[in-house]
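K.L.:
Just so it is clear, I am handing over start-v3.json, which has JSON, C-alpha atoms.
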[["chain", "number", "residue", "atom", "x", "y", "z"],
["A", 1, "MET", "CA", 0.00, 0.00, 0.00],
["A", 2, "PHE", "CA", 2.73, 2.48, 0.92],
["A", 3, "LYS", "CA", 4.94, 2.97, -2.11],
["A", 4, "GLY", "CA", 5.56, 5.30, -5.02],
["A", 5, "SER", "CA", 5.22, 9.07, -5.02],
["A", 6, "MET", "CA", 3.43, 10.56, -2.02],
["A", 7, "PRO", "CA", 3.40, 14.36, -1.80],
["A", 8, "ALA", "CA", 4.00, 15.92, 1.59],
["A", 9, "LEU", "CA", 0.99, 18.15, 1.02],
["A", 10, "VAL", "CA", 1.16, 21.89, 1.56],
["A", 11, "THR", "CA", -1.59, 23.46, 3.65],
["A", 12, "PRO", "CA", -3.04, 26.30, 1.58],
["A", 13, "PHE", "CA", -3.95, 29.55, 3.33],
["A", 14, "ALA", "CA", -6.18, 32.47, 2.41],
["A", 15, "ASN", "CA", -5.87, 35.63, 4.50],
["A", 16, "GLY", "CA", -4.31, 33.71, 7.37],
["A", 17, "ALA", "CA", -6.86, 30.88, 7.54],
["A", 18, "VAL", "CA", -6.68, 27.34, 6.17],
["A", 19, "ASP", "CA", -8.23, 27.33, 2.69],
["A", 20, "PHE", "CA", -10.15, 24.04, 2.76],
["A", 21, "GLY", "CA", -11.69, 24.54, -0.67],
["A", 22, "THR", "CA", -8.25, 24.78, -2.28],
["A", 23, "LEU", "CA", -7.00, 21.86, -0.16],
["A", 24, "GLU", "CA", -9.76, 19.62, -1.48],
["A", 25, "LYS", "CA", -8.99, 20.66, -5.06],
["A", 26, "LEU", "CA", -5.30, 19.87, -4.49],
["A", 27, "VAL", "CA", -6.19, 16.40, -3.25],
["A", 28, "GLU", "CA", -8.35, 15.76, -6.32],
["A", 29, "TRP", "CA", -5.59, 17.01, -8.63],
["A", 30, "GLN", "CA", -2.93, 14.89, -6.93],
["A", 31, "ILE", "CA", -5.03, 11.75, -7.33],
["A", 32, "ALA", "CA", -5.84, 12.57, -10.96],
["A", 33, "GLU", "CA", -2.13, 13.13, -11.69],
["A", 34, "GLY", "CA", -1.20, 9.68, -10.39],
["A", 35, "SER", "CA", 0.18, 10.27, -6.89],
["A", 36, "HIS", "CA", 0.22, 7.01, -4.95],
["A", 37, "GLY", "CA", -0.59, 8.45, -1.52],
["A", 38, "LEU", "CA", -1.00, 11.70, 0.38],
["A", 39, "VAL", "CA", 0.82, 12.98, 3.47],
["A", 40, "PRO", "CA", -0.95, 15.94, 5.11],
["A", 41, "VAL", "CA", 0.33, 18.01, 8.04],
["A", 42, "GLY", "CA", 4.00, 17.20, 7.91],
["A", 43, "THR", "CA", 6.57, 19.97, 8.05],
["A", 44, "THR", "CA", 5.72, 20.86, 4.45],
["A", 45, "GLY", "CA", 2.12, 21.19, 5.64],
["A", 46, "GLU", "CA", 3.35, 23.84, 8.11],
["A", 47, "SER", "CA", 2.47, 21.68, 11.11],
["A", 48, "PRO", "CA", 4.57, 23.85, 13.50],
["A", 49, "THR", "CA", 2.22, 26.80, 12.96],
["A", 50, "LEU", "CA", -1.13, 24.98, 12.84],
["A", 51, "SER", "CA", -3.26, 24.81, 15.96],
["A", 52, "HIS", "CA", -4.27, 21.35, 17.16],
["A", 53, "GLU", "CA", -7.76, 22.01, 15.83],
["A", 54, "GLU", "CA", -6.43, 23.05, 12.41],
["A", 55, "HIS", "CA", -4.06, 20.06, 12.32],
["A", 56, "GLU", "CA", -6.93, 17.65, 12.90],
["A", 57, "ALA", "CA", -9.31, 19.45, 10.53],
["A", 58, "VAL", "CA", -6.78, 19.26, 7.69],
["A", 59, "ILE", "CA", -6.27, 15.52, 8.20],
["A", 60, "LYS", "CA", -10.01, 14.93, 8.35],
["A", 61, "ALA", "CA", -10.55, 16.91, 5.13],
["A", 62, "VAL", "CA", -7.82, 15.03, 3.25],
["A", 63, "VAL", "CA", -9.09, 11.63, 4.39],
["A", 64, "LYS", "CA", -12.66, 12.53, 3.45],
["A", 65, "THR", "CA", -11.70, 13.90, 0.02],
["A", 66, "ALA", "CA", -9.37, 11.00, -0.81],
["A", 67, "ALA", "CA", -12.21, 8.62, 0.10],
["A", 68, "GLY", "CA", -9.97, 5.55, 0.04],
["A", 69, "ARG", "CA", -8.71, 6.09, -3.51],
["A", 70, "VAL", "CA", -5.12, 6.46, -2.27],
["A", 71, "PRO", "CA", -3.73, 5.91, 1.23],
["A", 72, "VAL", "CA", -3.43, 8.89, 3.56],
["A", 73, "ILE", "CA", -0.44, 8.97, 5.93],
["A", 74, "ALA", "CA", -1.34, 11.57, 8.53],
["A", 75, "GLY", "CA", 1.34, 13.72, 10.08],
["A", 76, "ALA", "CA", 1.21, 12.97, 13.79],
["A", 77, "GLY", "CA", 4.61, 13.78, 15.27],
["A", 78, "SER", "CA", 5.56, 15.68, 18.39],
["A", 79, "ASN", "CA", 8.41, 15.83, 20.88],
["A", 80, "ASN", "CA", 5.74, 15.39, 23.55],
["A", 81, "THR", "CA", 4.63, 11.74, 23.67],
["A", 82, "VAL", "CA", 1.20, 12.64, 25.08],
["A", 83, "GLU", "CA", 0.59, 15.08, 22.23],
["A", 84, "ALA", "CA", 1.79, 12.54, 19.65],
["A", 85, "LEU", "CA", -0.61, 9.98, 21.14],
["A", 86, "ARG", "CA", -3.46, 12.44, 20.59],
["A", 87, "PHE", "CA", -2.54, 12.96, 16.94],
["A", 88, "VAL", "CA", -1.98, 9.25, 16.22],
["A", 89, "GLN", "CA", -5.29, 8.33, 17.85],
["A", 90, "PHE", "CA", -7.05, 11.02, 15.82],
["A", 91, "ALA", "CA", -5.51, 9.70, 12.60],
["A", 92, "LYS", "CA", -6.84, 6.25, 13.43],
["A", 93, "ASP", "CA", -10.28, 7.54, 14.40],
["A", 94, "VAL", "CA", -10.84, 9.45, 11.13],
["A", 95, "GLY", "CA", -9.67, 6.60, 8.92],
["A", 96, "ALA", "CA", -6.15, 7.50, 7.85],
["A", 97, "GLU", "CA", -4.25, 4.45, 6.66],
["A", 98, "ALA", "CA", -1.12, 5.31, 8.65],
["A", 99, "ALA", "CA", 0.55, 7.97, 10.79],
["A", 100, "LEU", "CA", 3.90, 9.64, 10.11],
["A", 101, "VAL", "CA", 5.73, 10.28, 13.37],
["A", 102, "VAL", "CA", 8.97, 12.24, 13.55],
["A", 103, "THR", "CA", 11.68, 11.34, 16.03],
["A", 104, "PRO", "CA", 11.24, 13.65, 19.07],
["A", 105, "TYR", "CA", 13.02, 16.89, 18.27],
["A", 106, "TYR", "CA", 14.77, 19.51, 20.42],
["A", 107, "ASN", "CA", 14.61, 17.65, 23.75],
["A", 108, "LYS", "CA", 17.13, 15.09, 22.37],
["A", 109, "PRO", "CA", 16.02, 11.71, 23.75],
["A", 110, "THR", "CA", 18.45, 8.79, 23.82],
["A", 111, "GLN", "CA", 17.96, 5.74, 21.61],
["A", 112, "ALA", "CA", 16.19, 4.12, 24.59],
["A", 113, "GLY", "CA", 13.95, 7.18, 24.89],
["A", 114, "MET", "CA", 13.00, 6.94, 21.22],
["A", 115, "ILE", "CA", 12.14, 3.26, 21.66],
["A", 116, "ALA", "CA", 9.89, 4.10, 24.61],
["A", 117, "HIS", "CA", 8.22, 6.90, 22.64],
["A", 118, "PHE", "CA", 7.37, 4.70, 19.67],
["A", 119, "GLU", "CA", 6.37, 1.77, 21.89],
["A", 120, "ALA", "CA", 3.71, 4.02, 23.42],
["A", 121, "LEU", "CA", 2.45, 5.06, 19.98],
["A", 122, "ASN", "CA", 2.46, 1.49, 18.71],
["A", 123, "ALA", "CA", -0.23, 0.68, 21.29],
["A", 124, "VAL", "CA", -2.75, 2.90, 19.43],
["A", 125, "GLY", "CA", -3.01, 0.24, 16.74],
["A", 126, "ILE", "CA", -2.55, 2.14, 13.47],
["A", 127, "PRO", "CA", 0.41, 1.57, 11.10],
["A", 128, "ILE", "CA", 3.20, 4.01, 11.99],
["A", 129, "ILE", "CA", 5.98, 5.26, 9.74],
["A", 130, "ILE", "CA", 8.98, 6.68, 11.59],
["A", 131, "TYR", "CA", 10.30, 9.97, 10.24],
["A", 132, "ASN", "CA", 14.06, 10.17, 10.76],
["A", 133, "ILE", "CA", 15.41, 13.61, 9.87],
["A", 134, "PRO", "CA", 18.49, 14.44, 11.97],
["A", 135, "PRO", "CA", 19.12, 17.89, 10.42],
["A", 136, "ARG", "CA", 15.80, 19.08, 11.87],
["A", 137, "SER", "CA", 15.25, 16.87, 14.91],
["A", 138, "VAL", "CA", 18.91, 16.88, 16.09],
["A", 139, "VAL", "CA", 18.56, 13.18, 17.04],
["A", 140, "ASP", "CA", 19.29, 10.29, 14.68],
["A", 141, "MET", "CA", 17.58, 6.93, 15.06],
["A", 142, "MET", "CA", 20.24, 4.29, 14.48],
["A", 143, "PRO", "CA", 19.50, 1.22, 12.32],
["A", 144, "ASP", "CA", 19.70, -1.10, 15.36],
["A", 145, "THR", "CA", 17.13, 1.02, 17.19],
["A", 146, "MET", "CA", 14.87, 0.97, 14.15],
["A", 147, "GLY", "CA", 15.33, -2.78, 13.98],
["A", 148, "ALA", "CA", 14.11, -3.16, 17.55],
["A", 149, "LEU", "CA", 11.04, -1.04, 16.76],
["A", 150, "ALA", "CA", 10.36, -2.96, 13.54],
["A", 151, "LYS", "CA", 9.55, -5.99, 15.68],
["A", 152, "LEU", "CA", 6.48, -4.17, 17.00],
["A", 153, "PRO", "CA", 3.29, -4.98, 15.05],
["A", 154, "HIS", "CA", 2.40, -1.43, 14.02],
["A", 155, "ILE", "CA", 5.83, 0.09, 13.27],
["A", 156, "ILE", "CA", 5.90, -0.64, 9.56],
["A", 157, "GLY", "CA", 8.38, 1.71, 7.91],
["A", 158, "VAL", "CA", 10.52, 4.82, 7.80],
["A", 159, "LYS", "CA", 10.67, 8.10, 5.96],
["A", 160, "ASP", "CA", 14.44, 8.47, 5.79],
["A", 161, "ALA", "CA", 15.79, 11.99, 5.38],
["A", 162, "THR", "CA", 19.29, 11.32, 6.65],
["A", 163, "GLY", "CA", 20.76, 11.84, 3.18],
["A", 164, "ASP", "CA", 22.83, 8.68, 3.72],
["A", 165, "LEU", "CA", 21.93, 6.12, 1.06],
["A", 166, "SER", "CA", 23.89, 3.44, 2.92],
["A", 167, "ARG", "CA", 21.15, 3.52, 5.56],
["A", 168, "VAL", "CA", 18.77, 1.70, 3.22],
["A", 169, "PRO", "CA", 20.69, -1.61, 3.08],
["A", 170, "LYS", "CA", 21.62, -1.32, 6.76],
["A", 171, "GLN", "CA", 17.95, -0.96, 7.64],
["A", 172, "ARG", "CA", 17.04, -3.85, 5.35],
["A", 173, "ILE", "CA", 19.32, -5.97, 7.50],
["A", 174, "THR", "CA", 18.05, -4.72, 10.88],
["A", 175, "CYS", "CA", 14.37, -4.25, 10.01],
["A", 176, "GLY", "CA", 13.76, -6.89, 7.35],
["A", 177, "THR", "CA", 13.01, -6.62, 3.67],
["A", 178, "ASP", "CA", 9.27, -6.05, 4.25],
["A", 179, "PHE", "CA", 9.93, -2.88, 6.26],
["A", 180, "VAL", "CA", 8.72, 0.05, 4.13],
["A", 181, "GLN", "CA", 11.56, 2.44, 3.35],
["A", 182, "LEU", "CA", 10.53, 5.78, 1.86],
["A", 183, "SER", "CA", 12.92, 8.53, 0.85],
["A", 184, "GLY", "CA", 12.51, 11.93, 2.45],
["A", 185, "GLU", "CA", 14.83, 13.60, -0.07],
["A", 186, "ASP", "CA", 13.65, 14.28, -3.61],
["A", 187, "ALA", "CA", 17.11, 14.71, -5.10],
["A", 188, "THR", "CA", 18.31, 11.25, -4.03],
["A", 189, "ALA", "CA", 15.04, 9.33, -4.40],
["A", 190, "VAL", "CA", 16.19, 7.33, -7.45],
["A", 191, "GLY", "CA", 19.34, 6.15, -5.70],
["A", 192, "PHE", "CA", 17.34, 5.44, -2.55],
["A", 193, "ASN", "CA", 15.07, 3.05, -4.42],
["A", 194, "ALA", "CA", 18.03, 1.41, -6.12],
["A", 195, "GLN", "CA", 19.30, 0.50, -2.63],
["A", 196, "GLY", "CA", 15.97, -1.05, -1.61],
["A", 197, "GLY", "CA", 13.54, 1.80, -1.05],
["A", 198, "VAL", "CA", 10.01, 1.70, -2.41],
["A", 199, "GLY", "CA", 8.99, 5.34, -2.68],
["A", 200, "CYS", "CA", 9.34, 8.98, -1.70],
["A", 201, "ILE", "CA", 7.40, 11.33, 0.54],
["A", 202, "SER", "CA", 8.04, 14.24, -1.75],
["A", 203, "VAL", "CA", 7.95, 18.03, -1.65],
["A", 204, "THR", "CA", 8.50, 18.37, -5.40],
["A", 205, "ALA", "CA", 5.43, 16.21, -6.04],
["A", 206, "ASN", "CA", 3.29, 19.09, -4.83],
["A", 207, "VAL", "CA", 4.25, 20.89, -8.05],
["A", 208, "ALA", "CA", 5.09, 18.01, -10.43],
["A", 209, "PRO", "CA", 2.91, 15.09, -9.33],
["A", 210, "ALA", "CA", 2.71, 13.29, -12.66],
["A", 211, "LEU", "CA", 6.47, 13.41, -13.29],
["A", 212, "CYS", "CA", 7.29, 12.30, -9.74],
["A", 213, "ALA", "CA", 4.76, 9.45, -9.97],
["A", 214, "ALA", "CA", 6.15, 8.30, -13.32],
["A", 215, "MET", "CA", 9.71, 8.40, -11.98],
["A", 216, "GLN", "CA", 8.75, 6.30, -8.98],
["A", 217, "GLU", "CA", 6.87, 3.81, -11.13],
["A", 218, "ALA", "CA", 9.93, 3.42, -13.36],
["A", 219, "THR", "CA", 12.13, 2.55, -10.38],
["A", 220, "LEU", "CA", 9.58, 0.10, -9.00],
["A", 221, "ARG", "CA", 9.55, -1.83, -12.28],
["A", 222, "GLY", "CA", 13.36, -1.70, -12.40],
["A", 223, "ASP", "CA", 13.58, 0.65, -15.38],
["A", 224, "TYR", "CA", 16.29, 2.97, -14.11],
["A", 225, "SER", "CA", 17.02, 4.33, -17.58],
["A", 226, "ALA", "CA", 13.51, 5.80, -17.73],
["A", 227, "ALA", "CA", 13.76, 6.91, -14.09],
["A", 228, "LEU", "CA", 16.91, 8.88, -14.87],
["A", 229, "ASP", "CA", 15.21, 10.58, -17.80],
["A", 230, "TYR", "CA", 12.51, 11.81, -15.42],
["A", 231, "GLN", "CA", 15.11, 12.77, -12.84],
["A", 232, "ASP", "CA", 16.96, 14.85, -15.43],
["A", 233, "LYS", "CA", 13.78, 16.87, -15.93],
["A", 234, "LEU", "CA", 13.15, 17.23, -12.21],
["A", 235, "MET", "CA", 16.60, 17.83, -10.71],
["A", 236, "PRO", "CA", 16.68, 21.62, -11.26],
["A", 237, "LEU", "CA", 13.27, 21.82, -9.58],
["A", 238, "HIS", "CA", 14.39, 19.68, -6.63],
["A", 239, "GLU", "CA", 17.26, 22.10, -6.12],
["A", 240, "ALA", "CA", 15.32, 25.32, -6.67],
["A", 241, "ILE", "CA", 12.47, 24.44, -4.32],
["A", 242, "PHE", "CA", 14.91, 23.98, -1.45],
["A", 243, "LEU", "CA", 16.94, 27.17, -1.95],
["A", 244, "GLU", "CA", 14.63, 28.55, 0.77],
["A", 245, "PRO", "CA", 12.23, 26.55, 2.98],
["A", 246, "GLY", "CA", 10.67, 23.89, 0.78],
["A", 247, "VAL", "CA", 7.07, 24.70, 1.61],
["A", 248, "ALA", "CA", 7.51, 28.28, 0.39],
["A", 249, "GLY", "CA", 9.09, 26.96, -2.80],
["A", 250, "ALA", "CA", 6.31, 24.44, -3.35],
["A", 251, "LYS", "CA", 3.61, 27.05, -2.74],
["A", 252, "TYR", "CA", 5.23, 29.43, -5.20],
["A", 253, "GLY", "CA", 5.33, 26.67, -7.79],
["A", 254, "LEU", "CA", 1.64, 25.96, -7.18],
["A", 255, "SER", "CA", 0.88, 29.66, -7.58],
["A", 256, "LEU", "CA", 2.49, 29.56, -11.05],
["A", 257, "LEU", "CA", 0.11, 26.72, -11.86],
["A", 258, "ASP", "CA", -2.87, 28.72, -10.47],
["A", 259, "ARG", "CA", -3.56, 25.97, -7.95],
["A", 260, "ALA", "CA", -2.81, 27.68, -4.61],
["A", 261, "ALA", "CA", -1.64, 30.98, -3.19],
["A", 262, "GLU", "CA", 1.96, 31.37, -2.09],
["A", 263, "GLU", "CA", 0.91, 32.52, 1.39],
["A", 264, "VAL", "CA", 2.85, 30.99, 4.30],
["A", 265, "ARG", "CA", 2.71, 31.60, 8.04],
["A", 266, "LEU", "CA", 5.36, 33.41, 10.03],
["A", 267, "PRO", "CA", 8.14, 32.83, 10.83],
["A", 268, "LEU", "CA", 8.27, 31.63, 7.21],
["A", 269, "THR", "CA", 8.08, 34.29, 4.53],
["A", 270, "THR", "CA", 7.46, 34.30, 0.80],
["A", 271, "LEU", "CA", 10.44, 33.80, -1.48],
["A", 272, "SER", "CA", 13.03, 36.25, -2.71],
["A", 273, "GLU", "CA", 12.78, 37.28, -6.34],
["A", 274, "GLY", "CA", 15.96, 35.37, -7.19],
["A", 275, "THR", "CA", 14.57, 32.10, -5.87],
["A", 276, "LYS", "CA", 11.28, 32.70, -7.66],
["A", 277, "ALA", "CA", 13.17, 33.07, -10.92],
["A", 278, "ARG", "CA", 15.05, 29.81, -10.30],
["A", 279, "ILE", "CA", 11.83, 27.92, -9.60],
["A", 280, "LYS", "CA", 10.12, 29.33, -12.67],
["A", 281, "SER", "CA", 13.07, 28.37, -14.85],
["A", 282, "ALA", "CA", 13.16, 24.87, -13.34],
["A", 283, "MET", "CA", 9.45, 24.40, -13.98],
["A", 284, "GLN", "CA", 9.97, 25.43, -17.60],
["A", 285, "HIS", "CA", 12.85, 22.92, -17.85],
["A", 286, "ALA", "CA", 10.50, 20.20, -16.57],
["A", 287, "GLY", "CA", 7.80, 21.20, -19.05],
["A", 288, "LEU", "CA", 5.33, 22.20, -16.34],
["A", 289, "ILE", "CA", 4.85, 25.75, -17.62],
["A", 290, "GLY", "CA", 5.64, 27.54, -20.87]]
Take the structure in this file and express it as structure tokens.

P.N.:
Amino acid sequence: MFKGSMPALVTPFANGAVDFGTLEKLVEWQIAEGSHGLVPVGTTGESPTLSHEEHEAVIKAVVKTAAGRVPVIAGAGSNNTVEALRFVQFAKDVGAEAALVVTPYYNKPTQAGMIAHFEALNAVGIPIIIYNIPPRSVVDMMPDTMGALAKLPHIIGVKDATGDLSRVPKQRITCGTDFVQLSGEDATAVGFNAQGGVGCISVTANVAPALCAAMQEATLRGDYSAALDYQDKLMPLHEAIFLEPGVAGAKYGLSLLDRAAEEVRLPLTTLSEGTKARIKSAMQHAGLIG
């Protein structure tokens, strides 16, 4: 169920409020363009600046609009285990297929602390995908720790944003070959799958869903020549979107497609003119705009 291209959905805003009408249209467009799953309320969904009520309303809207056509992996992470339990339970209650849970950030738990955190969440009884992103969380879940958690019935995979492609085979050894390994880095997603991954939770797919889906499908059927052709089209866009915070880049790209406003919440700001020019040029290179 959890494979291929899964956009880490942006949360569209209009005059400071969540724009649910645009969100529903984005979900419909993503499904029509071939995305294999949807991931609302991750960092790209501006989870740090959503209230709990907004967080839950966005997940509920995405699940309802998707209506089972593609799996929804609900963002549910926190560095507070009690808060994470609330979000994971909510994801289960509204019918999300899985929850994406980041390693606890800022308070820097030990490997034993991370095991205890995910053991508590496992008890909720919904499939959980660990999100390991040391550059943001400051902690790094080691492959042996992940292997211990993989023995739990509801810890089923990882979104790996370490940038270390050698982690994929190491985690295959510690977690087993059925453990779902998803890339958290667009620029290395082809290499990630070549090492044993099965998909990407993607920022670029917000803007180029069909190309990202086709690239993932090529890797999954073992056609890396075709995958590289798609990657050649997408690489400038991968780079340009992340010149500044990725959500701002993705929202600007969507604004060029007339699909969402570029509005973000402070402390994020809209892009500089130089970055906007780079994104526009990259979208032209990919054939997304004229």

K.L.:
Just to confirm, what's the straight-line distance from atom CA of Thr22 of chain A to atom CA of Ile279 of chain A in Å (one decimal)?

P.N.:
21.6 Å

K.L.:
Enter the distance from atom CA of Val124 of chain A to atom CA of Ala61 of chain A, in Å, rounded to one decimal.

P.N.:
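Here the two named atoms are 21.5 Å from each other.
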
K.L.:
Can you tell me, as a list in words, what residues are no more than 9 Å from His36 of chain A when counting only C-alpha atoms, ignoring any on the same chain fewer than 5 positions away?

P.N.:
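Near neighbours after the sequence-gap exclusion: Met1, Phe2, Lys3, Gly4, Ser5, Met6, Pro7, Gln30, Ile31, Val70, Pro71 and Ala213 of chain A.
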
K.L.:
Rank nothing, just name the residue among A:Glu46, A:Glu97, A:Glu185, A:Glu24 nearest to Ser202 of chain A, using all atoms listed in the file.

P.N.:
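Of all the options, A:Glu185 lies closest to Ser202 of chain A.
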
K.L.:
Which value, in Å to one decimal, gives the distance between atom CA of Tyr106 of chain A and atom CA of Ile133 of chain A?

P.N.:
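Those two atoms sit 12.1 Å apart.
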
K.L.:
Considering all atoms listed in the file, state which residue in the set A:Ala123, A:Ala112, A:Ala161, A:Ala194 is at the smallest distance from Arg136 of chain A.

P.N.:
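So, comparing all the options, the nearest one is A:Ala161.
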
K.L.:
Counting only C-alpha atoms, which of A:Ala99, A:Pro143, A:Gly113, A:Val158 gets nearest to Pro127 of chain A?

P.N.:
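Under the stated criterion, the closest residue is A:Ala99.
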